[in-house]
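*Asks:* mmCIF, C-alpha atoms, file my_file25.cif:
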data_my_file
#
loop_
_atom_site.label_atom_id
_atom_site.label_comp_id
_atom_site.auth_asym_id
_atom_site.auth_seq_id
_atom_site.Cartn_x
_atom_site.Cartn_y
_atom_site.Cartn_z
CA MET A 1 -12.24 19.26 26.58
CA PRO A 2 -9.07 18.88 24.54
CA ARG A 3 -7.24 21.93 23.33
CA ARG A 4 -7.80 23.01 19.77
CA GLY A 5 -4.69 24.22 18.10
CA ASN A 6 -1.70 25.77 19.72
CA SER A 7 -1.54 29.05 17.78
CA GLY A 8 2.22 28.60 17.59
CA ARG A 9 2.73 29.33 21.28
CA ARG A 10 4.59 26.98 23.55
CA ARG A 11 3.08 26.48 26.99
CA ARG A 12 5.18 25.61 29.96
CA ALA A 13 4.65 22.18 31.44
CA GLN A 14 2.51 21.91 34.56
CA ARG A 15 4.30 21.48 37.83
CA PRO A 16 3.95 18.10 39.55
CA LYS A 17 1.52 17.94 42.45
CA ASP A 18 3.06 17.75 45.91
CA VAL A 19 -0.04 17.88 48.14
CA LEU A 20 -0.48 15.17 50.77
CA HIS A 21 -4.07 13.87 50.85
CA GLY A 22 -3.70 10.60 52.70
CA PRO A 23 -4.28 9.90 56.39
CA GLY A 24 -1.58 11.29 58.64
CA GLY A 25 -0.13 13.44 55.86
CA ALA A 26 0.75 10.50 53.62
CA PRO A 27 0.54 10.96 49.89
CA GLY A 28 -2.88 9.84 48.72
CA ASP A 29 -4.28 8.97 45.34
CA ALA A 30 -7.85 10.24 45.89
CA PHE A 31 -9.93 12.75 47.84
CA ARG A 32 -13.59 12.90 48.87
CA CYS A 33 -15.77 15.43 47.04
CA LEU A 34 -17.32 18.12 49.24
CA GLY A 35 -20.46 18.15 47.05
CA CYS A 36 -21.47 14.57 46.22
CA ARG A 37 -19.13 12.78 48.71
CA LEU A 38 -17.73 10.42 46.04
CA GLU A 39 -14.08 9.39 45.96
CA VAL A 40 -12.25 11.38 43.28
CA PRO A 41 -8.90 10.19 41.89
CA LEU A 42 -6.13 12.79 41.77
CA ALA A 43 -4.97 11.60 38.37
CA ALA A 44 -6.94 13.43 35.69
CA PRO A 45 -6.41 13.54 31.94
CA GLY A 46 -5.66 17.09 30.82
CA THR A 47 -4.59 18.57 34.16
CA ALA A 48 -1.96 17.95 36.84
CA HIS A 49 -3.76 19.88 39.60
CA ARG A 50 -7.22 18.46 40.10
CA ASN A 51 -9.31 20.20 42.73
CA HIS A 52 -12.83 19.57 41.43
CA CYS A 53 -15.06 16.53 41.20
CA PRO A 54 -15.59 15.11 37.70
CA HIS A 55 -19.14 14.03 38.64
CA CYS A 56 -20.77 17.14 40.15
CA LEU A 57 -18.03 19.70 39.26
CA ALA A 58 -17.89 21.00 42.86
CA GLY A 59 -14.40 21.96 43.96
CA ARG A 60 -12.38 22.95 46.98
CA HIS A 61 -10.71 26.32 47.49
CA LEU A 62 -7.06 25.25 47.47
CA ASP A 63 -5.14 27.47 45.07
CA ARG A 64 -4.53 31.18 45.50
CA ARG A 65 -2.91 32.62 42.37
CA VAL A 66 -1.20 29.82 40.46
CA PRO A 67 -2.80 26.44 39.68
CA GLY A 68 -1.26 23.87 41.99
CA ASP A 69 0.21 26.32 44.51
CA ARG A 70 -2.24 25.12 47.22
CA ALA A 71 -1.69 28.41 49.05
CA ALA A 72 -5.31 29.34 49.84
CA ASP A 73 -6.13 29.37 53.54
CA CYS A 74 -9.89 29.06 53.02
CA GLY A 75 -10.44 25.41 52.01
CA GLY A 76 -14.15 26.09 51.40
CA ARG A 77 -16.44 24.42 48.90
CA MET A 78 -16.33 25.86 45.38
CA ARG A 79 -19.59 25.88 43.38
CA ALA A 80 -19.40 25.69 39.58
CA LEU A 81 -21.16 28.79 38.22
CA CYS A 82 -20.57 28.67 34.49
CA LEU A 83 -18.11 27.87 31.72
CA THR A 84 -15.79 30.09 29.76
CA THR A 85 -13.29 29.37 27.00
CA ARG A 86 -9.74 30.34 26.23
CA PRO A 87 -8.83 31.71 22.80
CA ASP A 88 -7.50 28.26 21.86
CA GLY A 89 -10.93 26.66 22.55
CA GLU A 90 -10.15 25.05 25.91
CA TRP A 91 -13.06 25.06 28.38
CA LEU A 92 -12.63 26.50 31.88
CA LEU A 93 -14.97 26.14 34.86
CA VAL A 94 -15.75 29.32 36.78
CA HIS A 95 -16.03 28.49 40.48
CA GLN A 96 -17.18 30.64 43.40
CA CYS A 97 -16.13 29.81 46.95
CA LEU A 98 -19.15 29.46 49.22
CA ALA A 99 -17.05 30.40 52.27
CA CYS A 100 -15.23 33.55 51.14
CA GLY A 101 -16.95 34.40 47.82
CA GLU A 102 -13.77 34.41 45.70
CA LEU A 103 -14.10 33.58 42.00
CA SER A 104 -11.58 31.43 40.15
CA THR A 105 -11.23 29.47 36.93
CA ASN A 106 -10.23 25.85 36.67
CA ARG A 107 -9.36 23.79 33.60
CA THR A 108 -11.81 21.03 32.75
CA ALA A 109 -10.39 17.53 32.84
CA GLY A 110 -10.87 14.84 30.24
CA ASP A 111 -12.99 12.70 32.55
CA ASP A 112 -15.40 15.46 33.66
CA ASN A 113 -19.09 14.62 33.33
CA ALA A 114 -20.04 15.82 29.84
CA LEU A 115 -23.72 16.21 30.76
CA ALA A 116 -22.86 18.42 33.75
CA LEU A 117 -20.60 20.56 31.53
CA VAL A 118 -23.32 21.00 28.90
CA ARG A 119 -25.85 21.90 31.60
CA LEU A 120 -23.54 24.69 32.74
CA ALA A 121 -22.98 25.82 29.16
CA VAL A 122 -26.70 26.15 28.36
CA ARG A 123 -27.72 27.63 31.72
CA PRO A 124 -27.93 31.18 30.29
CA LEU A 125 -30.48 29.94 27.74
CA ALA A 126 -32.76 28.74 30.55
CA ASP A 127 -32.56 32.08 32.38
CA THR A 128 -35.84 33.87 31.65
CA SER A 129 -34.50 37.21 32.88
CA MET A 130 -32.15 37.45 29.87
CA PRO A 131 -33.85 38.03 26.53
CA VAL A 132 -33.11 35.24 24.07
CA ARG A 133 -32.78 37.81 21.27
CA ALA A 134 -29.79 39.30 23.11
CA LEU A 135 -28.07 35.90 23.21
CA ILE A 136 -28.80 35.16 19.56
CA SER A 137 -27.35 38.50 18.47
CA LEU A 138 -23.98 37.67 20.07
#
Please re-express this file's structure in structure tokens.
*Replies:*
Amino acid sequence: MPRRGNSGRRRRAQRPKDVLHGPGGAPGDAFRCLGCRLEVPLAAPGTAHRNHCPHCLAGRHLDRRVPGDRAADCGGRMRALCLTTRPDGEWLLVHQCLACGELSTNRTAGDDNALALVRLAVRPLADTSMPVRALISL
């Protein structure tokens, strides 16, 4: 989702990606999704550090602390749990690593599957263990 407003703050530009995805360590232009096994292009509108599939939203545990640092040793599959938003209105995916259990957030890209994003956004409404009155009162 595009950002809404800047609130007068300047954000630093994203660092260019320097990860080698191709065979034999060559720079590649795509990777295979760990969830749906589709080819995913590295170029994504809205982010310079794609590590999740725009189709099924599954990711790979690559970054440790800073987006694009590619310093995580795990490399496990990341499952999209839910969505959250920044104060400026930008949507973030909350992922959990199925190998080590770590939670992380990841910016949504402009070509992410809108239906999959909406399904994540309304998932709390389908949860019968949470009273709907509690959600409405928020």
*Asks:* Any chance you could resolve the PyMOL selection byres ((chain A and resi 90-96) around 9) against this file and give the residues as a ChimeraX atom specification?
*Replies:* /A:1-4,57-59,61,77-89,97-108,117,120
*Asks:* Next, dump the selected residues to file, keeping only C-alpha atoms, as a PDB file, keeping the file's coordinate frame.
*Replies:*
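And here's result-v1.pdb as it stands now:
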ATOM      1  CA  MET A   1     -12.240  19.260  26.580  1.00  0.00           C
ATOM      2  CA  PRO A   2      -9.070  18.880  24.540  1.00  0.00           C
ATOM      3  CA  ARG A   3      -7.240  21.930  23.330  1.00  0.00           C
ATOM      4  CA  ARG A   4      -7.800  23.010  19.770  1.00  0.00           C
ATOM      5  CA  LEU A  57     -18.030  19.700  39.260  1.00  0.00           C
ATOM      6  CA  ALA A  58     -17.890  21.000  42.860  1.00  0.00           C
ATOM      7  CA  GLY A  59     -14.400  21.960  43.960  1.00  0.00           C
ATOM      8  CA  HIS A  61     -10.710  26.320  47.490  1.00  0.00           C
ATOM      9  CA  ARG A  77     -16.440  24.420  48.900  1.00  0.00           C
ATOM     10  CA  MET A  78     -16.330  25.860  45.380  1.00  0.00           C
ATOM     11  CA  ARG A  79     -19.590  25.880  43.380  1.00  0.00           C
ATOM     12  CA  ALA A  80     -19.400  25.690  39.580  1.00  0.00           C
ATOM     13  CA  LEU A  81     -21.160  28.790  38.220  1.00  0.00           C
ATOM     14  CA  CYS A  82     -20.570  28.670  34.490  1.00  0.00           C
ATOM     15  CA  LEU A  83     -18.110  27.870  31.720  1.00  0.00           C
ATOM     16  CA  THR A  84     -15.790  30.090  29.760  1.00  0.00           C
ATOM     17  CA  THR A  85     -13.290  29.370  27.000  1.00  0.00           C
ATOM     18  CA  ARG A  86      -9.740  30.340  26.230  1.00  0.00           C
ATOM     19  CA  PRO A  87      -8.830  31.710  22.800  1.00  0.00           C
ATOM     20  CA  ASP A  88      -7.500  28.260  21.860  1.00  0.00           C
ATOM     21  CA  GLY A  89     -10.930  26.660  22.550  1.00  0.00           C
ATOM     22  CA  CYS A  97     -16.130  29.810  46.950  1.00  0.00           C
ATOM     23  CA  LEU A  98     -19.150  29.460  49.220  1.00  0.00           C
ATOM     24  CA  ALA A  99     -17.050  30.400  52.270  1.00  0.00           C
ATOM     25  CA  CYS A 100     -15.230  33.550  51.140  1.00  0.00           C
ATOM     26  CA  GLY A 101     -16.950  34.400  47.820  1.00  0.00           C
ATOM     27  CA  GLU A 102     -13.770  34.410  45.700  1.00  0.00           C
ATOM     28  CA  LEU A 103     -14.100  33.580  42.000  1.00  0.00           C
ATOM     29  CA  SER A 104     -11.580  31.430  40.150  1.00  0.00           C
ATOM     30  CA  THR A 105     -11.230  29.470  36.930  1.00  0.00           C
ATOM     31  CA  ASN A 106     -10.230  25.850  36.670  1.00  0.00           C
ATOM     32  CA  ARG A 107      -9.360  23.790  33.600  1.00  0.00           C
ATOM     33  CA  THR A 108     -11.810  21.030  32.750  1.00  0.00           C
ATOM     34  CA  LEU A 117     -20.600  20.560  31.530  1.00  0.00           C
ATOM     35  CA  LEU A 120     -23.540  24.690  32.740  1.00  0.00           C
TER      36      LEU A 120
END
*Asks:* So how many Å separate CA of Arg50 in chain A and CA of Ala30 in chain A, to one decimal?
*Replies:*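 The value is 10.1 Å.
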*Asks:* Please determine an axis-aligned box that encloses all atoms of range 100-105 of chain A listed in the file, with 8 Å added on each side, and express its centre and edge lengths in Å to one decimal as AutoDock Vina command-line options.
*Replies:*
--center_x -14.1 --center_y 31.9 --center_z 44.0 --size_x 21.7 --size_y 20.9 --size_z 30.2
*Asks:* Please evaluate the PyMOL selection byres ((chain A and resi 33) around 9) against the structure above and give the resulting residues as a JSON list (two decimals) with C-alpha atoms, in the coordinates of the input.
*Replies:*
[["chain", "number", "residue", "atom", "x", "y", "z"],
["A", 31, "PHE", "CA", -9.93, 12.75, 47.84],
["A", 32, "ARG", "CA", -13.59, 12.90, 48.87],
["A", 34, "LEU", "CA", -17.32, 18.12, 49.24],
["A", 35, "GLY", "CA", -20.46, 18.15, 47.05],
["A", 36, "CYS", "CA", -21.47, 14.57, 46.22],
["A", 37, "ARG", "CA", -19.13, 12.78, 48.71],
["A", 38, "LEU", "CA", -17.73, 10.42, 46.04],
["A", 39, "GLU", "CA", -14.08, 9.39, 45.96],
["A", 40, "VAL", "CA", -12.25, 11.38, 43.28],
["A", 52, "HIS", "CA", -12.83, 19.57, 41.43],
["A", 53, "CYS", "CA", -15.06, 16.53, 41.20],
["A", 56, "CYS", "CA", -20.77, 17.14, 40.15],
["A", 58, "ALA", "CA", -17.89, 21.00, 42.86],
["A", 59, "GLY", "CA", -14.40, 21.96, 43.96],
["A", 60, "ARG", "CA", -12.38, 22.95, 46.98]]
*Asks:* Using all atoms listed in the file, which of A:Pro124, A:Asp63, A:Gly76, A:Asp29 sits nearest Ala44 in chain A?
*Replies:*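 Of A:Pro124, A:Asp63, A:Gly76, A:Asp29, the one nearest Ala44 in chain A is A:Asp29, counting all atoms listed in the file.
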*Asks:* Would you work out the distance separating CA of His55 in chain A from CA of Asp112 in chain A, expressed in Å to one decimal?
*Replies:*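 Computed distance, CA of His55 in chain A to CA of Asp112 in chain A, equals 6.4 Å.
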*Asks:* Mind pulling up the distance from CA of Pro54 in chain A to CA of Thr128 in chain A?
*Replies:* 28.3 Å
